[in-house]
$ cat my_file_0.cif   # mmCIF, C-alpha atoms and all ligand atoms
data_target
#
loop_
_atom_site.label_atom_id
_atom_site.label_comp_id
_atom_site.auth_asym_id
_atom_site.auth_seq_id
_atom_site.Cartn_x
_atom_site.Cartn_y
_atom_site.Cartn_z
CA MET Z 1 -18.52 -10.80 -5.96
CA THR Z 2 -20.38 -7.60 -5.35
CA ILE Z 3 -17.73 -4.98 -4.98
CA GLN Z 4 -18.86 -1.58 -6.05
CA TRP Z 5 -16.62 0.85 -7.76
CA PHE Z 6 -17.96 4.35 -7.79
CA PRO Z 7 -16.89 6.38 -10.80
CA GLY Z 8 -18.13 9.56 -9.08
CA HIS Z 9 -15.81 9.08 -6.12
CA MET Z 10 -12.96 8.31 -8.43
CA ALA Z 11 -13.45 11.41 -10.52
CA LYS Z 12 -13.67 13.67 -7.45
CA ALA Z 13 -10.58 12.18 -5.84
CA ARG Z 14 -8.72 12.55 -9.06
CA ARG Z 15 -9.68 16.22 -9.40
CA GLN Z 16 -8.53 16.91 -5.86
CA VAL Z 17 -5.17 15.26 -6.43
CA THR Z 18 -4.71 17.08 -9.73
CA GLU Z 19 -5.33 20.42 -7.98
CA LYS Z 20 -2.71 19.62 -5.36
CA LEU Z 21 -0.15 18.56 -7.95
CA LYS Z 22 0.18 22.19 -9.02
CA LEU Z 23 1.63 23.07 -5.62
CA ILE Z 24 4.28 20.43 -5.35
CA ASP Z 25 7.60 19.27 -6.80
CA ILE Z 26 7.38 15.54 -6.14
CA VAL Z 27 4.81 12.85 -5.40
CA TYR Z 28 5.24 10.10 -2.85
CA GLU Z 29 3.05 7.26 -3.97
CA LEU Z 30 2.37 4.99 -1.04
CA VAL Z 31 1.59 1.36 -1.84
CA ASP Z 32 1.36 -1.78 0.27
CA ALA Z 33 4.61 -3.73 -0.11
CA ARG Z 34 2.62 -6.99 0.02
CA ILE Z 35 0.51 -6.01 -2.99
CA PRO Z 36 2.30 -3.15 -4.75
CA VAL Z 37 0.17 -3.28 -7.88
CA SER Z 38 -3.24 -4.12 -6.46
CA SER Z 39 -2.86 -1.30 -3.93
CA ARG Z 40 -2.29 1.33 -6.61
CA ASN Z 41 -4.73 3.38 -8.51
CA PRO Z 42 -4.42 2.01 -12.04
CA MET Z 43 -4.65 5.51 -13.51
CA ILE Z 44 -1.82 6.84 -11.36
CA ASP Z 45 0.62 7.32 -14.23
CA GLU Z 46 -1.90 9.35 -16.13
CA ILE Z 47 -2.90 11.40 -13.06
CA ILE Z 48 0.64 12.21 -11.98
CA SER Z 49 1.86 12.58 -15.52
CA ASN Z 50 5.51 13.62 -15.60
CA LYS Z 51 5.95 14.76 -11.97
CA PRO Z 52 8.94 13.11 -10.31
CA ARG Z 53 7.73 10.33 -8.08
CA ILE Z 54 8.95 8.01 -5.36
CA ILE Z 55 7.01 4.79 -4.92
CA LEU Z 56 7.07 3.95 -1.23
CA LEU Z 57 6.57 0.26 -0.56
CA ASN Z 58 5.04 0.71 2.87
CA LYS Z 59 4.39 -1.99 5.48
CA ALA Z 60 7.56 -3.67 4.22
CA ASP Z 61 7.84 -5.10 7.75
CA MET Z 62 4.90 -7.40 6.88
CA ALA Z 63 6.05 -8.37 3.39
CA ASP Z 64 8.33 -11.15 2.18
CA ALA Z 65 11.73 -9.40 2.02
CA LYS Z 66 12.90 -11.39 -0.99
CA ILE Z 67 9.86 -10.38 -3.02
CA THR Z 68 10.15 -6.77 -1.88
CA ARG Z 69 13.64 -6.74 -3.39
CA GLU Z 70 12.18 -8.04 -6.65
CA TRP Z 71 9.67 -5.18 -6.59
CA LEU Z 72 12.41 -2.61 -5.98
CA ASP Z 73 14.26 -3.90 -9.05
CA TYR Z 74 11.04 -3.82 -11.02
CA PHE Z 75 10.20 -0.21 -10.16
CA ASN Z 76 13.73 1.24 -10.06
CA LEU Z 77 14.32 1.47 -13.76
CA PRO Z 78 17.59 3.19 -14.63
CA GLY Z 79 17.24 6.74 -15.89
CA SER Z 80 13.60 7.06 -14.87
CA SER Z 81 12.23 9.94 -12.80
CA THR Z 82 10.37 7.34 -10.73
CA LYS Z 83 12.21 5.59 -7.92
CA ALA Z 84 11.09 3.11 -5.29
CA ILE Z 85 12.11 2.38 -1.72
CA ALA Z 86 10.82 0.02 0.96
CA ILE Z 87 9.71 1.57 4.24
CA ASP Z 88 7.94 0.81 7.49
CA SER Z 89 6.03 3.91 8.54
CA GLN Z 90 5.14 2.51 11.91
CA THR Z 91 8.72 2.34 13.13
CA GLY Z 92 10.17 4.81 10.62
CA LYS Z 93 12.53 2.27 9.09
CA GLY Z 94 13.71 3.45 5.68
CA ILE Z 95 12.01 6.84 5.79
CA GLN Z 96 15.26 8.79 6.10
CA GLN Z 97 15.95 7.93 2.46
CA ILE Z 98 12.90 9.88 1.31
CA ALA Z 99 14.42 13.37 1.65
CA SER Z 100 17.80 12.44 0.17
CA LEU Z 101 16.26 10.64 -2.80
CA SER Z 102 13.91 13.58 -3.40
CA LYS Z 103 16.89 15.93 -3.52
CA GLU Z 104 18.59 13.69 -6.00
CA LEU Z 105 15.54 13.50 -8.26
CA LEU Z 106 14.99 17.26 -8.14
CA LYS Z 107 18.58 18.38 -8.36
CA GLU Z 108 18.35 19.54 -11.94
CA LYS Z 109 15.12 21.52 -11.34
CA PHE Z 110 16.49 23.23 -8.25
CA ASP Z 111 19.87 23.95 -9.85
CA LYS Z 112 18.04 25.60 -12.73
CA MET Z 113 15.93 27.66 -10.35
CA GLN Z 114 19.05 28.80 -8.56
CA SER Z 115 20.82 29.74 -11.77
CA ARG Z 116 17.82 31.90 -12.65
CA GLY Z 117 18.24 33.70 -9.34
CA ILE Z 118 15.27 32.10 -7.56
CA ARG Z 119 15.81 31.91 -3.81
CA PRO Z 120 16.38 28.34 -2.58
CA ARG Z 121 13.35 26.82 -0.90
CA ALA Z 122 12.31 23.49 0.57
CA ILE Z 123 11.14 20.68 -1.69
CA ARG Z 124 7.34 20.43 -1.64
CA ALA Z 125 5.81 16.98 -1.67
CA LEU Z 126 2.42 15.31 -1.67
CA ILE Z 127 1.66 11.84 -0.36
CA VAL Z 128 -0.93 9.91 -2.34
CA GLY Z 129 -2.34 6.45 -1.89
CA ILE Z 130 -5.42 4.32 -1.40
CA PRO Z 131 -7.23 4.28 1.98
CA ASN Z 132 -5.48 2.33 4.73
CA VAL Z 133 -2.12 2.16 3.01
CA GLY Z 134 -0.51 4.20 5.82
CA LYS Z 135 -0.60 7.82 4.63
CA SER Z 136 -1.41 9.36 8.02
CA THR Z 137 1.06 7.13 9.78
CA LEU Z 138 3.81 8.26 7.42
CA ILE Z 139 2.95 11.96 7.70
CA ASN Z 140 2.99 11.70 11.49
CA ARG Z 141 6.23 9.79 11.46
CA LEU Z 142 7.97 12.21 9.09
CA ALA Z 143 6.68 15.22 11.00
CA LYS Z 144 7.58 13.82 14.38
CA LYS Z 145 10.70 15.79 15.05
CA ASN Z 146 9.35 18.93 13.51
CA ILE Z 147 5.66 19.17 14.11
CA ALA Z 148 5.58 22.92 13.58
CA GLN Z 149 3.64 23.76 10.48
CA THR Z 150 4.63 26.52 8.19
CA GLY Z 151 1.08 27.79 8.03
CA ASP Z 152 -0.92 29.22 5.20
CA ARG Z 153 0.68 30.83 2.26
CA PRO Z 154 -1.80 33.41 1.14
CA GLY Z 155 -2.27 33.61 -2.56
CA VAL Z 156 -0.26 30.54 -3.32
CA THR Z 157 -1.64 27.69 -1.30
CA LYS Z 158 -4.88 28.98 0.08
CA ALA Z 159 -5.73 27.15 3.29
CA GLN Z 160 -3.16 24.44 2.61
CA GLN Z 161 -1.06 23.50 5.56
CA TRP Z 162 2.50 22.40 5.07
CA VAL Z 163 4.30 20.11 7.45
CA LYS Z 164 8.02 20.63 7.75
CA VAL Z 165 10.29 17.61 7.55
CA GLY Z 166 13.73 18.88 8.47
CA LYS Z 167 14.91 21.98 6.63
CA GLU Z 168 14.73 20.74 3.11
CA LEU Z 169 11.34 19.15 2.76
CA GLU Z 170 7.71 20.16 3.22
CA LEU Z 171 4.68 17.94 2.93
CA LEU Z 172 1.11 18.90 2.26
CA ASP Z 173 -0.61 17.87 5.49
CA THR Z 174 -3.56 16.25 3.78
CA PRO Z 175 -2.66 13.35 1.56
CA GLY Z 176 -4.23 12.68 -1.79
CA ILE Z 177 -6.63 9.79 -1.56
CA LEU Z 178 -6.89 7.58 -4.58
CA TRP Z 179 -9.08 4.53 -4.93
CA PRO Z 180 -8.00 1.09 -5.90
CA LYS Z 181 -9.83 -0.33 -8.85
CA PHE Z 182 -11.25 -3.61 -7.74
CA GLU Z 183 -13.26 -4.56 -10.77
CA ASP Z 184 -10.67 -7.25 -11.21
CA GLN Z 185 -11.60 -10.04 -8.79
CA GLU Z 186 -8.03 -10.97 -7.94
CA VAL Z 187 -7.23 -7.36 -7.05
CA GLY Z 188 -10.29 -7.26 -4.79
CA TYR Z 189 -9.30 -10.46 -3.05
CA ARG Z 190 -5.73 -9.33 -2.49
CA LEU Z 191 -6.91 -6.04 -1.03
CA ALA Z 192 -9.36 -7.89 1.18
CA THR Z 193 -6.76 -10.39 2.38
CA THR Z 194 -4.53 -7.57 3.63
CA GLY Z 195 -7.51 -5.81 5.21
CA ALA Z 196 -7.35 -2.81 2.88
CA ILE Z 197 -11.05 -3.07 2.15
CA LYS Z 198 -13.77 -3.69 4.67
CA ASP Z 199 -14.60 -7.28 5.42
CA THR Z 200 -18.28 -6.68 4.84
CA ILE Z 201 -17.71 -5.83 1.19
CA ILE Z 202 -16.57 -9.31 0.22
CA ASN Z 203 -17.77 -12.53 1.74
CA LEU Z 204 -15.22 -13.72 4.31
CA GLN Z 205 -15.36 -17.31 3.12
CA ASP Z 206 -14.55 -16.18 -0.43
CA ILE Z 207 -11.55 -14.23 0.84
CA ALA Z 208 -10.35 -17.25 2.82
CA VAL Z 209 -10.75 -19.54 -0.19
CA PHE Z 210 -8.63 -17.15 -2.22
CA ALA Z 211 -6.03 -16.78 0.54
CA LEU Z 212 -5.78 -20.53 1.21
CA ARG Z 213 -5.36 -21.31 -2.48
CA PHE Z 214 -2.67 -18.66 -2.67
CA LEU Z 215 -0.86 -20.02 0.39
CA THR Z 216 -1.09 -23.58 -0.94
CA ASP Z 217 0.65 -22.39 -4.06
CA ALA Z 218 3.17 -19.87 -2.68
CA TYR Z 219 3.83 -20.82 0.96
CA PRO Z 220 2.75 -24.48 1.39
CA GLU Z 221 5.21 -25.26 4.16
CA ARG Z 222 4.00 -22.43 6.33
CA LEU Z 223 0.41 -23.51 5.85
CA LYS Z 224 1.25 -27.07 6.84
CA GLU Z 225 3.22 -25.98 9.85
CA ARG Z 226 0.69 -23.49 11.16
CA TYR Z 227 -2.25 -25.87 10.99
CA GLY Z 228 -0.42 -29.14 11.64
CA LEU Z 229 -1.20 -30.63 8.23
CA GLU Z 230 0.77 -33.58 6.85
CA GLU Z 231 -0.40 -32.78 3.35
CA ILE Z 232 -2.56 -29.97 2.00
CA PRO Z 233 -5.81 -31.40 0.64
CA GLU Z 234 -6.45 -30.38 -2.95
CA ASP Z 235 -10.14 -29.98 -2.31
CA ILE Z 236 -10.78 -26.59 -0.69
CA VAL Z 237 -13.66 -27.89 1.46
CA GLU Z 238 -11.39 -30.61 2.81
CA LEU Z 239 -8.78 -27.97 3.59
CA PHE Z 240 -11.36 -25.92 5.50
CA ASP Z 241 -12.42 -29.10 7.31
CA ALA Z 242 -8.83 -29.91 8.25
CA ILE Z 243 -8.07 -26.42 9.57
CA GLY Z 244 -11.46 -26.03 11.25
CA SER Z 245 -11.17 -29.33 13.03
CA LYS Z 246 -7.57 -28.72 14.18
CA ARG Z 247 -8.55 -25.35 15.56
CA GLY Z 248 -11.92 -26.27 17.01
CA CYS Z 249 -14.05 -24.14 14.69
CA LYS Z 250 -17.18 -26.24 15.08
CA MET Z 251 -20.88 -25.68 15.31
CA SER Z 252 -23.01 -27.16 18.07
CA GLY Z 253 -23.74 -30.34 16.06
CA GLY Z 254 -20.02 -30.95 15.57
CA HIS Z 255 -19.95 -29.77 11.94
CA ILE Z 256 -17.16 -27.42 10.88
CA ASP Z 257 -18.12 -23.77 11.12
CA TYR Z 258 -16.83 -22.39 7.83
CA ASP Z 259 -17.39 -18.75 8.77
CA LYS Z 260 -15.36 -19.16 11.92
CA THR Z 261 -12.62 -21.02 10.06
CA ALA Z 262 -12.48 -18.33 7.39
CA GLU Z 263 -12.28 -15.60 10.00
CA LEU Z 264 -9.49 -17.40 11.84
CA VAL Z 265 -7.41 -17.88 8.70
CA ILE Z 266 -7.80 -14.26 7.59
CA ARG Z 267 -7.05 -12.94 11.07
CA GLU Z 268 -3.93 -15.08 11.32
CA ILE Z 269 -2.64 -13.99 7.92
CA ARG Z 270 -3.13 -10.33 8.80
CA SER Z 271 -1.40 -10.72 12.14
CA GLU Z 272 1.60 -12.43 10.52
CA LYS Z 273 0.96 -15.80 12.18
CA LEU Z 274 1.89 -17.38 8.88
CA GLY Z 275 4.95 -15.17 8.59
CA LYS Z 276 5.74 -12.32 6.27
CA ILE Z 277 3.78 -12.78 3.12
CA SER Z 278 3.71 -11.04 -0.24
CA LEU Z 279 0.59 -11.70 -2.25
CA GLU Z 280 1.91 -10.40 -5.53
CA ARG Z 281 5.23 -10.71 -7.35
CA PRO Z 282 6.51 -8.90 -10.40
CA GLU Z 283 7.32 -11.99 -12.47
CA LYS Z 284 3.63 -12.88 -12.57
CA LEU Z 285 2.64 -9.60 -14.24
P1 LIG Z 301 -4.28 5.92 5.68
O1 LIG Z 301 -3.98 7.25 6.28
O2 LIG Z 301 -3.57 5.71 4.37
O3 LIG Z 301 -5.74 5.60 5.55
O4 LIG Z 301 -3.67 4.78 6.62
P2 LIG Z 301 -3.23 4.86 8.17
O5 LIG Z 301 -2.04 5.71 8.33
O6 LIG Z 301 -4.43 5.17 8.98
O7 LIG Z 301 -2.78 3.35 8.41
C1 LIG Z 301 -3.67 2.25 8.30
C2 LIG Z 301 -3.19 1.11 9.20
O8 LIG Z 301 -1.92 0.63 8.73
C3 LIG Z 301 -2.97 1.51 10.64
O9 LIG Z 301 -3.28 0.38 11.44
C4 LIG Z 301 -1.47 1.75 10.71
O10 LIG Z 301 -0.95 1.61 12.00
C5 LIG Z 301 -0.98 0.66 9.80
N1 LIG Z 301 0.34 0.95 9.22
C6 LIG Z 301 0.73 2.06 8.55
N2 LIG Z 301 1.99 1.95 8.12
C7 LIG Z 301 2.44 0.74 8.53
C8 LIG Z 301 3.68 0.04 8.37
O11 LIG Z 301 4.64 0.48 7.73
N3 LIG Z 301 3.74 -1.21 8.93
C9 LIG Z 301 2.70 -1.77 9.58
N4 LIG Z 301 2.87 -2.99 10.09
N5 LIG Z 301 1.52 -1.13 9.74
C10 LIG Z 301 1.39 0.09 9.22
P3 LIG Z 301 -4.65 0.23 12.19
O12 LIG Z 301 -4.81 -1.20 12.51
O13 LIG Z 301 -5.73 0.93 11.45
O14 LIG Z 301 -4.40 1.03 13.47
P4 LIG Z 301 -3.34 0.69 14.61
O15 LIG Z 301 -3.15 -0.77 14.63
O16 LIG Z 301 -2.08 1.41 14.28
O17 LIG Z 301 -4.01 1.24 15.80
#
$ encode --input "my_file_0.cif" --output "structure tokens"
Amino acid sequence: MTIQWFPGHMAKARRQVTEKLKLIDIVYELVDARIPVSSRNPMIDEIISNKPRIILLNKADMADAKITREWLDYFNLPGSSTKAIAIDSQTGKGIQQIASLSKELLKEKFDKMQSRGIRPRAIRALIVGIPNVGKSTLINRLAKKNIAQTGDRPGVTKAQQWVKVGKELELLDTPGILWPKFEDQEVGYRLATTGAIKDTIINLQDIAVFALRFLTDAYPERLKERYGLEEIPEDIVELFDAIGSKRGCKMSGGHIDYDKTAELVIREIRSEKLGKISLERPEKL
């Protein structure tokens, strides 16, 4: 696999996020609910350090609800300043919890500020996450009812725009972009299966092989049902042949077109034709 990981990009992104952290009270770390670990930056704990954080399992509408609950239990450790909730930024489901949970996590800090005579202000937050995880969608969704921006704050947040979310919350309008680390092959394949990284980076047939093996293991019944298979062949080429022939992915000579078959499988997974799928579960960590 020839995925490139650019240390230069990483370092720059990290610097930019670190700069923004100075301006905010809380971080919203957006991850893909289907792959909550593979869609994180592995250095996130170090980057964010001890800032309060809410892990937002986004695209929960596409994930296996049972496994999303397992992830919530995994991340929501009692007494920790990190919490997790499942959301769907496209419809806005779950996002109303963000402000209330932020208040809860910051209560002590804000109470202290008040007791020192500091005027109450809105909570300031930054959204961070890897490309394609839904950062812009979430900002737009949160800002929907209150698109008015508070504008620049000279001296404090030079040229930073804040987006108001109700009265008690403000978001930096540009999210922090962090990169996934796909040196680990499995991580790369999971990201590719969900469409988080461009199809040209990894060979489509390789992604489909990974995805079909995963489905055989985790969701065999759905695979059988979708492609009308009595049994799932153990041999991956036979599985491609079975799917390709059922779905008419053939070349002019009648041979199975493996590229076409791979594309079909990947497209159908991404468009939920095989149902809501989670590609990662906490017990396997
Ligand atoms: P980014 O800023 O982090 O790079 O991500 P962005 O908001 O652009 O979202 C990337 C894609 O993910 C978009 O789809 C967006 O609609 C989709 N998306 C974001 N949040 C959710 C969610 O909670 N559920 C689902 N199902 N999808 C979500 P796209 O295909 O690039 O565009 P489009 O289909 O919306 O036109």
$ residues_near_ligand --input "my_file_0.cif" --ligand "ligand LIG 301 (chain Z)" --cutoff "6 Å" --atoms "all atoms listed in the file" --output "NGL selection string"
:Z and (58-59 or 61-62 or 88-90 or 131-137)
$ residues_around --input "my_file_0.cif" --residues "Trp71 of chain Z" --least-positions-apart "2" --cutoff "9 Å" --atoms "only C-alpha atoms" --output "list in words"
Ala33, Pro36, Leu57, Lys66, Ile67, Thr68, Arg69, Asp73, Tyr74, Phe75, Asn76, Ala84, Arg281 and Pro282 of chain Z
$ write_last_selection --input "my_file_0.cif" --atoms "C-alpha atoms" --output "mmCIF file, in the frame of the given file"
data_model
loop_
_atom_site.group_PDB
_atom_site.id
_atom_site.type_symbol
_atom_site.label_atom_id
_atom_site.label_comp_id
_atom_site.auth_asym_id
_atom_site.auth_seq_id
_atom_site.Cartn_x
_atom_site.Cartn_y
_atom_site.Cartn_z
ATOM 1 C CA ALA Z 33 4.610 -3.730 -0.110
ATOM 2 C CA PRO Z 36 2.300 -3.150 -4.750
ATOM 3 C CA LEU Z 57 6.570 0.260 -0.560
ATOM 4 C CA LYS Z 66 12.900 -11.390 -0.990
ATOM 5 C CA ILE Z 67 9.860 -10.380 -3.020
ATOM 6 C CA THR Z 68 10.150 -6.770 -1.880
ATOM 7 C CA ARG Z 69 13.640 -6.740 -3.390
ATOM 8 C CA ASP Z 73 14.260 -3.900 -9.050
ATOM 9 C CA TYR Z 74 11.040 -3.820 -11.020
ATOM 10 C CA PHE Z 75 10.200 -0.210 -10.160
ATOM 11 C CA ASN Z 76 13.730 1.240 -10.060
ATOM 12 C CA ALA Z 84 11.090 3.110 -5.290
ATOM 13 C CA ARG Z 281 5.230 -10.710 -7.350
ATOM 14 C CA PRO Z 282 6.510 -8.900 -10.400
#
$ residues_near_point --input "my_file_0.cif" --point "(8.3, 10.7, 15.0)" --cutoff "12 Å" --atoms "all atoms listed in the file" --output "number ranges by chain"
Z: 89-93, 95-96, 137-147, 165-166
$ closest_residue --input "my_file_0.cif" --among "Z:Leu105, Z:Ile98, Z:Val237, Z:Val209" --to "Leu30 of chain Z" --atoms "all atoms listed in the file"
Z:Ile98
$ atom_distance --input "my_file_0.cif" --atom1 "atom CA of Glu168 of chain Z" --atom2 "atom CA of Ala122 of chain Z"
4.5 Å
$ closest_residue --input "my_file_0.cif" --among "Z:Ile26, Z:Arg15, Z:Gln205, Z:Glu280" --to "Glu70 of chain Z" --atoms "all atoms listed in the file"
Z:Glu280
$ atom_distance --input "my_file_0.cif" --atom1 "atom CA of Pro175 of chain Z" --atom2 "atom CA of Asp32 of chain Z"
15.7 Å
$ closest_residue --input "my_file_0.cif" --among "Z:Gln16, Z:Ser49, Z:Ser252, Z:Ser100" --to "Thr174 of chain Z" --atoms "all atoms listed in the file"
Z:Gln16
$ closest_residue --input "my_file_0.cif" --among "Z:Glu46, Z:Glu104, Z:Asp199, Z:Glu283" --to "Arg14 of chain Z" --atoms "only C-alpha atoms"
Z:Glu46
$ atom_distance --input "my_file_0.cif" --atom1 "atom CA of Ile269 of chain Z" --atom2 "atom CA of Met10 of chain Z"
29.5 Å
$ residues_around --input "my_file_0.cif" --residues "segment 239-247 of chain Z" --least-positions-apart "5" --cutoff "8 Å" --atoms "all atoms listed in the file" --output "ChimeraX atom specification"
/Z:227-229,232-234,256-258,260-262
$ residues_around --input "my_file_0.cif" --residues "Lys198 of chain Z" --least-positions-apart "5" --cutoff "12 Å" --atoms "all atoms listed in the file" --output "ChimeraX atom specification"
/Z:3,131-132,188-189,191-193,203-204,207
$ write_last_selection --input "my_file_0.cif" --atoms "C-alpha atoms" --output "PDB file, in the frame of the given file"
ATOM      1  CA  ILE Z   3     -17.730  -4.980  -4.980  1.00  0.00           C
ATOM      2  CA  PRO Z 131      -7.230   4.280   1.980  1.00  0.00           C
ATOM      3  CA  ASN Z 132      -5.480   2.330   4.730  1.00  0.00           C
ATOM      4  CA  GLY Z 188     -10.290  -7.260  -4.790  1.00  0.00           C
ATOM      5  CA  TYR Z 189      -9.300 -10.460  -3.050  1.00  0.00           C
ATOM      6  CA  LEU Z 191      -6.910  -6.040  -1.030  1.00  0.00           C
ATOM      7  CA  ALA Z 192      -9.360  -7.890   1.180  1.00  0.00           C
ATOM      8  CA  THR Z 193      -6.760 -10.390   2.380  1.00  0.00           C
ATOM      9  CA  ASN Z 203     -17.770 -12.530   1.740  1.00  0.00           C
ATOM     10  CA  LEU Z 204     -15.220 -13.720   4.310  1.00  0.00           C
ATOM     11  CA  ILE Z 207     -11.550 -14.230   0.840  1.00  0.00           C
TER      12      ILE Z 207
END
$ closest_residue --input "my_file_0.cif" --among "Z:Pro78, Z:Pro52, Z:Pro42, Z:Pro180" --to "Lys103 of chain Z" --atoms "all atoms listed in the file"
Z:Pro52
$ closest_residue --input "my_file_0.cif" --among "Z:Ile87, Z:Ile55, Z:Leu274, Z:Val31" --to "Leu212 of chain Z" --atoms "all atoms listed in the file"
Z:Leu274
$ build_atoms --input "my_file_0.cif" --residues "segment 159-170 of chain Z" --atoms "N, CA, C and O atoms" --output "PDB file, keeping the file's coordinate frame"
ATOM      1  N   ALA Z 159      -5.245  28.083   2.279  1.00  0.00           N
ATOM      2  CA  ALA Z 159      -5.730  27.150   3.290  1.00  0.00           C
ATOM      3  C   ALA Z 159      -5.017  25.791   3.293  1.00  0.00           C
ATOM      4  O   ALA Z 159      -5.468  24.867   3.925  1.00  0.00           O
ATOM      5  N   GLN Z 160      -3.916  25.698   2.563  1.00  0.00           N
ATOM      6  CA  GLN Z 160      -3.160  24.440   2.610  1.00  0.00           C
ATOM      7  C   GLN Z 160      -2.136  24.546   3.723  1.00  0.00           C
ATOM      8  O   GLN Z 160      -1.436  25.534   3.827  1.00  0.00           O
ATOM      9  N   GLN Z 161      -2.061  23.523   4.504  1.00  0.00           N
ATOM     10  CA  GLN Z 161      -1.060  23.500   5.560  1.00  0.00           C
ATOM     11  C   GLN Z 161       0.128  22.670   5.084  1.00  0.00           C
ATOM     12  O   GLN Z 161      -0.049  21.630   4.455  1.00  0.00           O
ATOM     13  N   TRP Z 162       1.289  23.142   5.412  1.00  0.00           N
ATOM     14  CA  TRP Z 162       2.500  22.400   5.070  1.00  0.00           C
ATOM     15  C   TRP Z 162       3.144  21.900   6.343  1.00  0.00           C
ATOM     16  O   TRP Z 162       3.198  22.605   7.344  1.00  0.00           O
ATOM     17  N   VAL Z 163       3.617  20.697   6.307  1.00  0.00           N
ATOM     18  CA  VAL Z 163       4.300  20.110   7.450  1.00  0.00           C
ATOM     19  C   VAL Z 163       5.784  20.053   7.117  1.00  0.00           C
ATOM     20  O   VAL Z 163       6.159  19.524   6.075  1.00  0.00           O
ATOM     21  N   LYS Z 164       6.578  20.616   8.016  1.00  0.00           N
ATOM     22  CA  LYS Z 164       8.020  20.630   7.750  1.00  0.00           C
ATOM     23  C   LYS Z 164       8.655  19.296   8.121  1.00  0.00           C
ATOM     24  O   LYS Z 164       8.362  18.726   9.175  1.00  0.00           O
ATOM     25  N   VAL Z 165       9.521  18.815   7.247  1.00  0.00           N
ATOM     26  CA  VAL Z 165      10.290  17.610   7.550  1.00  0.00           C
ATOM     27  C   VAL Z 165      11.759  18.022   7.425  1.00  0.00           C
ATOM     28  O   VAL Z 165      12.282  18.123   6.323  1.00  0.00           O
ATOM     29  N   GLY Z 166      12.377  18.337   8.535  1.00  0.00           N
ATOM     30  CA  GLY Z 166      13.730  18.880   8.470  1.00  0.00           C
ATOM     31  C   GLY Z 166      13.691  20.248   7.797  1.00  0.00           C
ATOM     32  O   GLY Z 166      12.645  20.894   7.736  1.00  0.00           O
ATOM     33  N   LYS Z 167      14.851  20.651   7.239  1.00  0.00           N
ATOM     34  CA  LYS Z 167      14.910  21.980   6.630  1.00  0.00           C
ATOM     35  C   LYS Z 167      14.570  21.954   5.158  1.00  0.00           C
ATOM     36  O   LYS Z 167      14.200  22.948   4.569  1.00  0.00           O
ATOM     37  N   GLU Z 168      14.736  20.759   4.572  1.00  0.00           N
ATOM     38  CA  GLU Z 168      14.730  20.740   3.110  1.00  0.00           C
ATOM     39  C   GLU Z 168      13.478  20.161   2.465  1.00  0.00           C
ATOM     40  O   GLU Z 168      13.397  20.033   1.267  1.00  0.00           O
ATOM     41  N   LEU Z 169      12.523  19.802   3.318  1.00  0.00           N
ATOM     42  CA  LEU Z 169      11.340  19.150   2.760  1.00  0.00           C
ATOM     43  C   LEU Z 169      10.079  19.635   3.464  1.00  0.00           C
ATOM     44  O   LEU Z 169      10.071  19.842   4.673  1.00  0.00           O
ATOM     45  N   GLU Z 170       9.029  19.821   2.680  1.00  0.00           N
ATOM     46  CA  GLU Z 170       7.710  20.160   3.220  1.00  0.00           C
ATOM     47  C   GLU Z 170       6.662  19.282   2.579  1.00  0.00           C
ATOM     48  O   GLU Z 170       6.678  19.077   1.374  1.00  0.00           O
TER      49      GLU Z 170
END
